Amino acid sequence: MRDADITVRVSATADPAAVRTARMGLLLRSLRDRGPRSRGRLAEETGLTRTVATGLIEELVELGLVTCEDADRRGAGRPGVQVRLVGSSVCGIGAEINVDHLAVVAVDLAGTVIAEFRRGIDGRRLPPEGVLAELAGLVEDALAEARTAGATVAGITVGVAGLVDTATQRVTLAPNLGWRDIDAAEEVRLRLAATAAPVPPVRVANEATLAATAELDPADADRADMVVLYGEVGLGGAIVSGGRVAPGRHGWAGEIGHFPIDPRGRRCGCGRAGCWETVVGLRALLEAATDPDDPVRDPVLTLEERLATLVERARLADGRTLAALDEVGTWLGTGAAVLVNTLNPGTVVLSGYYAVLGEWLRPAVEARLAADVLAPRAGGTRVAISAFGPTAAVRGGALVSLEPVLSDPTALADLHGGTR
Ligand SMILES: [Zn+2]
């Protein structure tokens, strides 16, 4: 969320307590996104008077979320109080359920990763309860590490490769996992309650939506309107409009992996034929680049191990690997051109597994955009490679988990008292 949005919300409400907490959140976001600054400059940049800012900063100091330091003592010339975010006192946990792997990460308020766990699974063989039990085990490990580090856990957000109903918080359908109508949040909550109580709030979201949250950058105008392509076994997508991820009416927007790109193509996990992900998902790449008995297809491998092998083969200029990457990149660009013609985004982000192989995929994507987009210079759309890659969804999950503290920093006191 951008500072301007919060300013609008602050001015639209008349409740003084709500105004105060929203302003505290505004200060915290500003410190997180733009770094430490003098108190005067922070007040000016957030549109607050010095007196108001000083009072709110004092409250944030009491909550352990910021520190103030006299600039004089640091020999900085002009007198002034430097305000700095203390990120380590609170963290969010992001988790991801994918067909071939589980991942959990704890990220603190400053964006530092304080715990990270990954495990390869065969999500098509394991029943939902089995997958969720494994995931809860990893979350429990992350909770323990965060608590040992002295961080309060603000929440847990689980990303699933499938449709998640934002109102009911249930996984409506995850075709590649074979899941229908699963209350994943409740399953995780119950398991944690038995082993790692007290349990912070648990939420579920679409993993590509979470990945897009990690890709947001308020300082980059080209990312205010963007399309995020999150490559995994299938293809997850998210559309960012005006700096926000567009969820659609029920939270089901962005299912671009299932738009039909080749009506005579392969059968998709959703039961239809020729969906885009059947030619650009990791499964499609592995089928093109390897034989069925190739060790890279071993289900016990983590995603990183699988991708590392493919990167190594591409670097050695293995002909079959390069041809497979060019084929997937060309299909990726063909579909991306439809989205660029429709949405005219500033950026198309290659995230998930595409980021790891971006060096070989991007040229083919750019070539298709140049050929297939009606607007001049491919609509001015930039093709960017995600800095987070396959960790974008868990990172986004952790950021979403921190949102309640950024919206109302005083909520931290409740977390300290109740659910730490
Ligand atoms: Zn499909």
# chains A, B, ... in the order shown; residues from 1 in each chain; ligands from 1

$ residues_near_ligand --ligand "ligand 1" --cutoff "6 Å" --atoms "only C-alpha atoms and all ligand atoms" --output "list in words"
His258, Cys268, Gly269, Cys270, Arg272 and Cys275 of chain A

$ residues_around --residues "Val83 of chain A" --least-positions-apart "2" --cutoff "12 Å" --atoms "only C-alpha atoms" --output "NGL selection string"
:A and (27-28 or 30-32 or 34-43 or 53-54 or 56-58 or 60-61 or 65-71 or 80-81 or 85-86)

$ write_last_selection --atoms "N, CA and C atoms" --output "mmCIF file, in the first residue's frame"
data_model
loop_
_atom_site.group_PDB
_atom_site.id
_atom_site.type_symbol
_atom_site.label_atom_id
_atom_site.label_comp_id
_atom_site.auth_asym_id
_atom_site.auth_seq_id
_atom_site.Cartn_x
_atom_site.Cartn_y
_atom_site.Cartn_z
ATOM 1 N N LEU A 27 4.113 6.193 9.462
ATOM 2 C CA LEU A 27 5.516 6.453 9.820
ATOM 3 C C LEU A 27 6.360 5.173 9.699
ATOM 4 N N LEU A 28 5.789 4.066 10.186
ATOM 5 C CA LEU A 28 6.526 2.793 10.124
ATOM 6 C C LEU A 28 6.805 2.382 8.684
ATOM 7 N N SER A 30 6.942 4.271 6.066
ATOM 8 C CA SER A 30 7.886 5.195 5.458
ATOM 9 C C SER A 30 9.321 4.845 5.862
ATOM 10 N N LEU A 31 9.509 4.501 7.147
ATOM 11 C CA LEU A 31 10.853 4.112 7.617
ATOM 12 C C LEU A 31 11.294 2.798 6.978
ATOM 13 N N ARG A 32 10.346 1.865 6.813
ATOM 14 C CA ARG A 32 10.694 0.571 6.213
ATOM 15 C C ARG A 32 11.067 0.746 4.732
ATOM 16 N N ARG A 34 11.836 3.641 3.013
ATOM 17 C CA ARG A 34 12.829 4.650 2.589
ATOM 18 C C ARG A 34 13.988 4.840 3.553
ATOM 19 N N GLY A 35 14.045 4.018 4.587
ATOM 20 C CA GLY A 35 15.204 4.054 5.469
ATOM 21 C C GLY A 35 15.130 5.121 6.549
ATOM 22 N N PRO A 36 16.169 5.137 7.442
ATOM 23 C CA PRO A 36 16.176 6.081 8.562
ATOM 24 C C PRO A 36 16.315 7.523 8.090
ATOM 25 N N ARG A 37 15.722 8.424 8.839
ATOM 26 C CA ARG A 37 15.769 9.856 8.495
ATOM 27 C C ARG A 37 15.664 10.717 9.749
ATOM 28 N N SER A 38 15.918 12.003 9.563
ATOM 29 C CA SER A 38 15.731 12.916 10.690
ATOM 30 C C SER A 38 14.230 13.029 10.972
ATOM 31 N N ARG A 39 13.920 13.326 12.223
ATOM 32 C CA ARG A 39 12.514 13.420 12.617
ATOM 33 C C ARG A 39 11.787 14.492 11.804
ATOM 34 N N GLY A 40 12.473 15.602 11.551
ATOM 35 C CA GLY A 40 11.863 16.693 10.787
ATOM 36 C C GLY A 40 11.528 16.265 9.365
ATOM 37 N N ARG A 41 12.456 15.560 8.743
ATOM 38 C CA ARG A 41 12.224 15.139 7.358
ATOM 39 C C ARG A 41 11.133 14.075 7.284
ATOM 40 N N LEU A 42 11.128 13.195 8.269
ATOM 41 C CA LEU A 42 10.102 12.148 8.312
ATOM 42 C C LEU A 42 8.714 12.784 8.433
ATOM 43 N N ALA A 43 8.608 13.800 9.299
ATOM 44 C CA ALA A 43 7.326 14.495 9.468
ATOM 45 C C ALA A 43 6.907 15.131 8.145
ATOM 46 N N ALA A 53 4.106 14.291 14.769
ATOM 47 C CA ALA A 53 5.062 13.225 14.452
ATOM 48 C C ALA A 53 5.877 12.842 15.690
ATOM 49 N N THR A 54 6.313 13.857 16.447
ATOM 50 C CA THR A 54 7.137 13.593 17.633
ATOM 51 C C THR A 54 6.382 12.725 18.641
ATOM 52 N N LEU A 56 3.874 10.660 18.058
ATOM 53 C CA LEU A 56 3.651 9.301 17.528
ATOM 54 C C LEU A 56 4.945 8.488 17.548
ATOM 55 N N ILE A 57 6.055 9.166 17.251
ATOM 56 C CA ILE A 57 7.354 8.472 17.267
ATOM 57 C C ILE A 57 7.671 7.995 18.682
ATOM 58 N N GLU A 58 7.322 8.817 19.681
ATOM 59 C CA GLU A 58 7.546 8.403 21.074
ATOM 60 C C GLU A 58 6.780 7.110 21.391
ATOM 61 N N LEU A 60 5.906 4.855 19.224
ATOM 62 C CA LEU A 60 6.550 3.756 18.489
ATOM 63 C C LEU A 60 7.814 3.290 19.211
ATOM 64 N N VAL A 61 8.518 4.243 19.858
ATOM 65 C CA VAL A 61 9.705 3.888 20.642
ATOM 66 C C VAL A 61 9.284 2.993 21.811
ATOM 67 N N LEU A 65 9.430 -0.402 18.343
ATOM 68 C CA LEU A 65 9.455 -0.518 16.884
ATOM 69 C C LEU A 65 10.423 0.462 16.208
ATOM 70 N N VAL A 66 10.769 1.554 16.888
ATOM 71 C CA VAL A 66 11.748 2.497 16.329
ATOM 72 C C VAL A 66 12.695 2.970 17.437
ATOM 73 N N THR A 67 13.851 3.496 17.014
ATOM 74 C CA THR A 67 14.756 4.137 17.972
ATOM 75 C C THR A 67 15.024 5.556 17.502
ATOM 76 N N CYS A 68 15.330 6.427 18.457
ATOM 77 C CA CYS A 68 15.704 7.799 18.132
ATOM 78 C C CYS A 68 17.135 8.014 18.605
ATOM 79 N N GLU A 69 17.894 8.705 17.802
ATOM 80 C CA GLU A 69 19.303 8.911 18.127
ATOM 81 C C GLU A 69 19.635 10.364 17.823
ATOM 82 N N ASP A 70 20.336 10.993 18.758
ATOM 83 C CA ASP A 70 20.706 12.392 18.552
ATOM 84 C C ASP A 70 21.796 12.480 17.478
ATOM 85 N N ALA A 71 21.487 13.171 16.390
ATOM 86 C CA ALA A 71 22.437 13.227 15.271
ATOM 87 C C ALA A 71 23.727 13.940 15.640
ATOM 88 N N GLY A 80 19.639 17.301 15.039
ATOM 89 C CA GLY A 80 18.375 16.677 14.670
ATOM 90 C C GLY A 80 18.343 15.260 15.185
ATOM 91 N N VAL A 81 17.130 14.756 15.355
ATOM 92 C CA VAL A 81 16.991 13.406 15.881
ATOM 93 C C VAL A 81 16.784 12.442 14.715
ATOM 94 N N LEU A 85 13.979 2.424 12.101
ATOM 95 C CA LEU A 85 13.101 1.279 12.360
ATOM 96 C C LEU A 85 13.875 0.183 13.084
ATOM 97 N N VAL A 86 13.224 -0.411 14.104
ATOM 98 C CA VAL A 86 13.808 -1.608 14.729
ATOM 99 C C VAL A 86 13.011 -2.784 14.182
#

$ select_by_dssp --residues "segment 161-325 of chain A" --states "strand (DSSP E)" --output "count of residues only"
30

$ select_by_dssp --residues "segment 133-256 of chain A" --states "alpha helix (DSSP H)" --output "PyMOL selection string"
chain A and resi 133-148+184-195+207-215

$ residues_around --residues "segment 163-174 of chain A" --least-positions-apart "4" --cutoff "10 Å" --atoms "only C-alpha atoms" --output "number ranges by chain"
A: 98-99, 159, 178-186, 202-207, 247-255, 269-270

$ atom_distance --atom1 "atom CA of His101 of chain A" --atom2 "atom CA of Val160 of chain A"
11.1 Å

$ closest_residue --among "A:Val228, A:Val19, A:Val153, A:Leu135" --to "Ala106 of chain A" --atoms "only C-alpha atoms"
A:Val153

$ closest_residue --among "A:Gly155, A:Gly335, A:Pro404, A:Gly236" --to "Pro198 of chain A" --atoms "only C-alpha atoms"
A:Gly155

$ residues_around --residues "Asn341 of chain A" --least-positions-apart "4" --cutoff "8 Å" --atoms "only C-alpha atoms" --output "PyMOL selection string"
chain A and resi 337+373-375+379

$ residues_around --residues "Glu145 of chain A" --least-positions-apart "4" --cutoff "10 Å" --atoms "only C-alpha atoms" --output "mmCIF file with all heavy atoms, in the first residue's frame"
data_model
loop_
_atom_site.group_PDB
_atom_site.id
_atom_site.type_symbol
_atom_site.label_atom_id
_atom_site.label_comp_id
_atom_site.auth_asym_id
_atom_site.auth_seq_id
_atom_site.Cartn_x
_atom_site.Cartn_y
_atom_site.Cartn_z
ATOM 1 N N ALA A 106 10.306 -16.826 7.734
ATOM 2 C CA ALA A 106 9.930 -15.767 8.684
ATOM 3 C C ALA A 106 10.738 -14.532 8.317
ATOM 4 O O ALA A 106 11.961 -14.606 8.197
ATOM 5 C CB ALA A 106 10.232 -16.203 10.117
ATOM 6 N N ILE A 114 14.603 -14.299 8.910
ATOM 7 C CA ILE A 114 15.173 -14.810 10.164
ATOM 8 C C ILE A 114 15.038 -16.323 10.281
ATOM 9 O O ILE A 114 15.675 -16.919 11.144
ATOM 10 C CB ILE A 114 14.598 -14.097 11.414
ATOM 11 C CG1 ILE A 114 13.077 -14.179 11.456
ATOM 12 C CG2 ILE A 114 15.049 -12.658 11.476
ATOM 13 C CD1 ILE A 114 12.510 -13.585 12.744
ATOM 14 N N ALA A 115 14.238 -16.943 9.438
ATOM 15 C CA ALA A 115 14.162 -18.413 9.422
ATOM 16 C C ALA A 115 13.633 -18.851 8.062
ATOM 17 O O ALA A 115 12.787 -18.165 7.470
ATOM 18 C CB ALA A 115 13.230 -18.910 10.526
ATOM 19 N N GLU A 116 14.116 -19.973 7.580
ATOM 20 C CA GLU A 116 13.682 -20.439 6.253
ATOM 21 C C GLU A 116 13.761 -21.962 6.211
ATOM 22 O O GLU A 116 14.784 -22.537 6.590
ATOM 23 C CB GLU A 116 14.596 -19.823 5.188
ATOM 24 C CG GLU A 116 14.086 -19.999 3.787
ATOM 25 C CD GLU A 116 14.816 -19.105 2.792
ATOM 26 O OE1 GLU A 116 15.893 -18.585 3.136
ATOM 27 O OE2 GLU A 116 14.301 -18.945 1.674
ATOM 28 N N VAL A 139 6.178 -24.852 9.779
ATOM 29 C CA VAL A 139 5.762 -23.579 10.402
ATOM 30 C C VAL A 139 6.149 -23.578 11.880
ATOM 31 O O VAL A 139 6.623 -22.571 12.415
ATOM 32 C CB VAL A 139 4.236 -23.347 10.236
ATOM 33 C CG1 VAL A 139 3.781 -22.134 11.046
ATOM 34 C CG2 VAL A 139 3.879 -23.155 8.765
ATOM 35 N N GLU A 140 5.971 -24.728 12.514
ATOM 36 C CA GLU A 140 6.329 -24.857 13.932
ATOM 37 C C GLU A 140 7.823 -24.560 14.128
ATOM 38 O O GLU A 140 8.210 -23.839 15.060
ATOM 39 C CB GLU A 140 6.008 -26.285 14.371
ATOM 40 C CG GLU A 140 6.075 -26.509 15.850
ATOM 41 C CD GLU A 140 5.866 -27.986 16.187
ATOM 42 O OE1 GLU A 140 5.140 -28.694 15.458
ATOM 43 O OE2 GLU A 140 6.468 -28.428 17.172
ATOM 44 N N ASP A 141 8.662 -25.092 13.219
ATOM 45 C CA ASP A 141 10.109 -24.827 13.308
ATOM 46 C C ASP A 141 10.390 -23.330 13.155
ATOM 47 O O ASP A 141 11.232 -22.771 13.863
ATOM 48 C CB ASP A 141 10.867 -25.600 12.206
ATOM 49 C CG ASP A 141 10.810 -27.110 12.439
ATOM 50 O OD1 ASP A 141 10.480 -27.514 13.574
ATOM 51 O OD2 ASP A 141 11.082 -27.872 11.488
ATOM 52 N N ALA A 149 14.624 -15.912 18.642
ATOM 53 C CA ALA A 149 15.288 -14.655 18.254
ATOM 54 C C ALA A 149 14.647 -13.443 18.929
ATOM 55 O O ALA A 149 15.082 -12.305 18.730
ATOM 56 C CB ALA A 149 15.248 -14.488 16.738
ATOM 57 N N GLY A 150 13.585 -13.681 19.706
ATOM 58 C CA GLY A 150 12.948 -12.593 20.439
ATOM 59 C C GLY A 150 11.930 -11.806 19.629
ATOM 60 O O GLY A 150 11.553 -10.696 20.009
ATOM 61 N N ALA A 151 11.480 -12.361 18.491
ATOM 62 C CA ALA A 151 10.509 -11.648 17.648
ATOM 63 C C ALA A 151 9.086 -12.102 17.948
ATOM 64 O O ALA A 151 8.840 -13.289 18.149
ATOM 65 C CB ALA A 151 10.829 -11.892 16.175
#

$ atom_distance --atom1 "atom CA of Leu316 of chain A" --atom2 "atom CA of Ser351 of chain A"
23.4 Å

$ closest_residue --among "A:Ala317, A:Leu415, A:Leu235, A:Leu406" --to "Leu332 of chain A" --atoms "only C-alpha atoms"
A:Leu235

$ decode --residues "segment 16-58 of chain A" --atoms "N, CA and C atoms" --output "PDB file, in the first residue's frame"
ATOM      1  N   PRO A  16     -10.552   9.617  16.315  1.00  0.00           N
ATOM      2  CA  PRO A  16      -9.186  10.070  16.621  1.00  0.00           C
ATOM      3  C   PRO A  16      -8.216   8.909  16.878  1.00  0.00           C
ATOM      4  N   ALA A  17      -8.700   7.840  17.541  1.00  0.00           N
ATOM      5  CA  ALA A  17      -7.816   6.704  17.826  1.00  0.00           C
ATOM      6  C   ALA A  17      -7.384   6.033  16.523  1.00  0.00           C
ATOM      7  N   ALA A  18      -8.335   5.911  15.587  1.00  0.00           N
ATOM      8  CA  ALA A  18      -8.016   5.278  14.305  1.00  0.00           C
ATOM      9  C   ALA A  18      -7.049   6.149  13.504  1.00  0.00           C
ATOM     10  N   VAL A  19      -7.241   7.466  13.585  1.00  0.00           N
ATOM     11  CA  VAL A  19      -6.333   8.395  12.895  1.00  0.00           C
ATOM     12  C   VAL A  19      -4.922   8.237  13.452  1.00  0.00           C
ATOM     13  N   ARG A  20      -4.844   8.151  14.783  1.00  0.00           N
ATOM     14  CA  ARG A  20      -3.541   8.043  15.436  1.00  0.00           C
ATOM     15  C   ARG A  20      -2.815   6.754  15.019  1.00  0.00           C
ATOM     16  N   THR A  21      -3.507   5.617  15.074  1.00  0.00           N
ATOM     17  CA  THR A  21      -2.839   4.353  14.742  1.00  0.00           C
ATOM     18  C   THR A  21      -2.483   4.305  13.259  1.00  0.00           C
ATOM     19  N   ALA A  22      -3.347   4.856  12.405  1.00  0.00           N
ATOM     20  CA  ALA A  22      -3.046   4.848  10.969  1.00  0.00           C
ATOM     21  C   ALA A  22      -1.819   5.719  10.689  1.00  0.00           C
ATOM     22  N   ARG A  23      -1.695   6.822  11.413  1.00  0.00           N
ATOM     23  CA  ARG A  23      -0.522   7.696  11.237  1.00  0.00           C
ATOM     24  C   ARG A  23       0.752   7.016  11.731  1.00  0.00           C
ATOM     25  N   MET A  24       0.626   6.269  12.830  1.00  0.00           N
ATOM     26  CA  MET A  24       1.795   5.512  13.316  1.00  0.00           C
ATOM     27  C   MET A  24       2.219   4.495  12.264  1.00  0.00           C
ATOM     28  N   GLY A  25       1.225   3.850  11.647  1.00  0.00           N
ATOM     29  CA  GLY A  25       1.524   2.892  10.588  1.00  0.00           C
ATOM     30  C   GLY A  25       2.194   3.564   9.398  1.00  0.00           C
ATOM     31  N   LEU A  26       1.722   4.762   9.086  1.00  0.00           N
ATOM     32  CA  LEU A  26       2.301   5.533   7.976  1.00  0.00           C
ATOM     33  C   LEU A  26       3.786   5.818   8.230  1.00  0.00           C
ATOM     34  N   LEU A  27       4.113   6.193   9.462  1.00  0.00           N
ATOM     35  CA  LEU A  27       5.516   6.453   9.820  1.00  0.00           C
ATOM     36  C   LEU A  27       6.360   5.173   9.699  1.00  0.00           C
ATOM     37  N   LEU A  28       5.789   4.066  10.186  1.00  0.00           N
ATOM     38  CA  LEU A  28       6.526   2.793  10.124  1.00  0.00           C
ATOM     39  C   LEU A  28       6.805   2.382   8.684  1.00  0.00           C
ATOM     40  N   ARG A  29       5.761   2.480   7.836  1.00  0.00           N
ATOM     41  CA  ARG A  29       5.934   2.116   6.416  1.00  0.00           C
ATOM     42  C   ARG A  29       6.990   2.979   5.751  1.00  0.00           C
ATOM     43  N   SER A  30       6.942   4.271   6.066  1.00  0.00           N
ATOM     44  CA  SER A  30       7.886   5.195   5.458  1.00  0.00           C
ATOM     45  C   SER A  30       9.321   4.845   5.862  1.00  0.00           C
ATOM     46  N   LEU A  31       9.509   4.501   7.147  1.00  0.00           N
ATOM     47  CA  LEU A  31      10.853   4.112   7.617  1.00  0.00           C
ATOM     48  C   LEU A  31      11.294   2.798   6.978  1.00  0.00           C
ATOM     49  N   ARG A  32      10.346   1.865   6.813  1.00  0.00           N
ATOM     50  CA  ARG A  32      10.694   0.571   6.213  1.00  0.00           C
ATOM     51  C   ARG A  32      11.067   0.746   4.732  1.00  0.00           C
ATOM     52  N   ASP A  33      10.263   1.552   4.025  1.00  0.00           N
ATOM     53  CA  ASP A  33      10.463   1.658   2.574  1.00  0.00           C
ATOM     54  C   ASP A  33      11.592   2.601   2.182  1.00  0.00           C
ATOM     55  N   ARG A  34      11.836   3.641   3.013  1.00  0.00           N
ATOM     56  CA  ARG A  34      12.829   4.650   2.589  1.00  0.00           C
ATOM     57  C   ARG A  34      13.988   4.840   3.553  1.00  0.00           C
ATOM     58  N   GLY A  35      14.045   4.018   4.587  1.00  0.00           N
ATOM     59  CA  GLY A  35      15.204   4.054   5.469  1.00  0.00           C
ATOM     60  C   GLY A  35      15.130   5.121   6.549  1.00  0.00           C
ATOM     61  N   PRO A  36      16.169   5.137   7.442  1.00  0.00           N
ATOM     62  CA  PRO A  36      16.176   6.081   8.562  1.00  0.00           C
ATOM     63  C   PRO A  36      16.315   7.523   8.090  1.00  0.00           C
ATOM     64  N   ARG A  37      15.722   8.424   8.839  1.00  0.00           N
ATOM     65  CA  ARG A  37      15.769   9.856   8.495  1.00  0.00           C
ATOM     66  C   ARG A  37      15.664  10.717   9.749  1.00  0.00           C
ATOM     67  N   SER A  38      15.918  12.003   9.563  1.00  0.00           N
ATOM     68  CA  SER A  38      15.731  12.916  10.690  1.00  0.00           C
ATOM     69  C   SER A  38      14.230  13.029  10.972  1.00  0.00           C
ATOM     70  N   ARG A  39      13.920  13.326  12.223  1.00  0.00           N
ATOM     71  CA  ARG A  39      12.514  13.420  12.617  1.00  0.00           C
ATOM     72  C   ARG A  39      11.787  14.492  11.804  1.00  0.00           C
ATOM     73  N   GLY A  40      12.473  15.602  11.551  1.00  0.00           N
ATOM     74  CA  GLY A  40      11.863  16.693  10.787  1.00  0.00           C
ATOM     75  C   GLY A  40      11.528  16.265   9.365  1.00  0.00           C
ATOM     76  N   ARG A  41      12.456  15.560   8.743  1.00  0.00           N
ATOM     77  CA  ARG A  41      12.224  15.139   7.358  1.00  0.00           C
ATOM     78  C   ARG A  41      11.133  14.075   7.284  1.00  0.00           C
ATOM     79  N   LEU A  42      11.128  13.195   8.269  1.00  0.00           N
ATOM     80  CA  LEU A  42      10.102  12.148   8.312  1.00  0.00           C
ATOM     81  C   LEU A  42       8.714  12.784   8.433  1.00  0.00           C
ATOM     82  N   ALA A  43       8.608  13.800   9.299  1.00  0.00           N
ATOM     83  CA  ALA A  43       7.326  14.495   9.468  1.00  0.00           C
ATOM     84  C   ALA A  43       6.907  15.131   8.145  1.00  0.00           C
ATOM     85  N   GLU A  44       7.851  15.803   7.520  1.00  0.00           N
ATOM     86  CA  GLU A  44       7.559  16.514   6.268  1.00  0.00           C
ATOM     87  C   GLU A  44       7.114  15.529   5.176  1.00  0.00           C
ATOM     88  N   GLU A  45       7.821  14.424   5.073  1.00  0.00           N
ATOM     89  CA  GLU A  45       7.531  13.464   3.991  1.00  0.00           C
ATOM     90  C   GLU A  45       6.245  12.675   4.201  1.00  0.00           C
ATOM     91  N   THR A  46       5.785  12.614   5.449  1.00  0.00           N
ATOM     92  CA  THR A  46       4.534  11.893   5.703  1.00  0.00           C
ATOM     93  C   THR A  46       3.363  12.859   5.871  1.00  0.00           C
ATOM     94  N   GLY A  47       3.639  14.152   5.702  1.00  0.00           N
ATOM     95  CA  GLY A  47       2.563  15.149   5.746  1.00  0.00           C
ATOM     96  C   GLY A  47       2.050  15.409   7.153  1.00  0.00           C
ATOM     97  N   LEU A  48       2.870  15.122   8.170  1.00  0.00           N
ATOM     98  CA  LEU A  48       2.446  15.364   9.561  1.00  0.00           C
ATOM     99  C   LEU A  48       3.171  16.598  10.101  1.00  0.00           C
ATOM    100  N   THR A  49       2.546  17.261  11.088  1.00  0.00           N
ATOM    101  CA  THR A  49       3.268  18.358  11.731  1.00  0.00           C
ATOM    102  C   THR A  49       4.346  17.753  12.623  1.00  0.00           C
ATOM    103  N   ARG A  50       5.371  18.554  12.940  1.00  0.00           N
ATOM    104  CA  ARG A  50       6.459  18.055  13.791  1.00  0.00           C
ATOM    105  C   ARG A  50       5.954  17.599  15.142  1.00  0.00           C
ATOM    106  N   THR A  51       5.022  18.376  15.708  1.00  0.00           N
ATOM    107  CA  THR A  51       4.506  18.036  17.041  1.00  0.00           C
ATOM    108  C   THR A  51       3.796  16.692  17.015  1.00  0.00           C
ATOM    109  N   VAL A  52       2.922  16.510  16.014  1.00  0.00           N
ATOM    110  CA  VAL A  52       2.185  15.243  15.916  1.00  0.00           C
ATOM    111  C   VAL A  52       3.157  14.092  15.694  1.00  0.00           C
ATOM    112  N   ALA A  53       4.106  14.291  14.769  1.00  0.00           N
ATOM    113  CA  ALA A  53       5.062  13.225  14.452  1.00  0.00           C
ATOM    114  C   ALA A  53       5.877  12.842  15.690  1.00  0.00           C
ATOM    115  N   THR A  54       6.313  13.857  16.447  1.00  0.00           N
ATOM    116  CA  THR A  54       7.137  13.593  17.633  1.00  0.00           C
ATOM    117  C   THR A  54       6.382  12.725  18.641  1.00  0.00           C
ATOM    118  N   GLY A  55       5.115  13.048  18.875  1.00  0.00           N
ATOM    119  CA  GLY A  55       4.303  12.270  19.817  1.00  0.00           C
ATOM    120  C   GLY A  55       4.138  10.823  19.351  1.00  0.00           C
ATOM    121  N   LEU A  56       3.874  10.660  18.058  1.00  0.00           N
ATOM    122  CA  LEU A  56       3.651   9.301  17.528  1.00  0.00           C
ATOM    123  C   LEU A  56       4.945   8.488  17.548  1.00  0.00           C
ATOM    124  N   ILE A  57       6.055   9.166  17.251  1.00  0.00           N
ATOM    125  CA  ILE A  57       7.354   8.472  17.267  1.00  0.00           C
ATOM    126  C   ILE A  57       7.671   7.995  18.682  1.00  0.00           C
ATOM    127  N   GLU A  58       7.322   8.817  19.681  1.00  0.00           N
ATOM    128  CA  GLU A  58       7.546   8.403  21.074  1.00  0.00           C
ATOM    129  C   GLU A  58       6.780   7.110  21.391  1.00  0.00           C
TER     130      GLU A  58
END
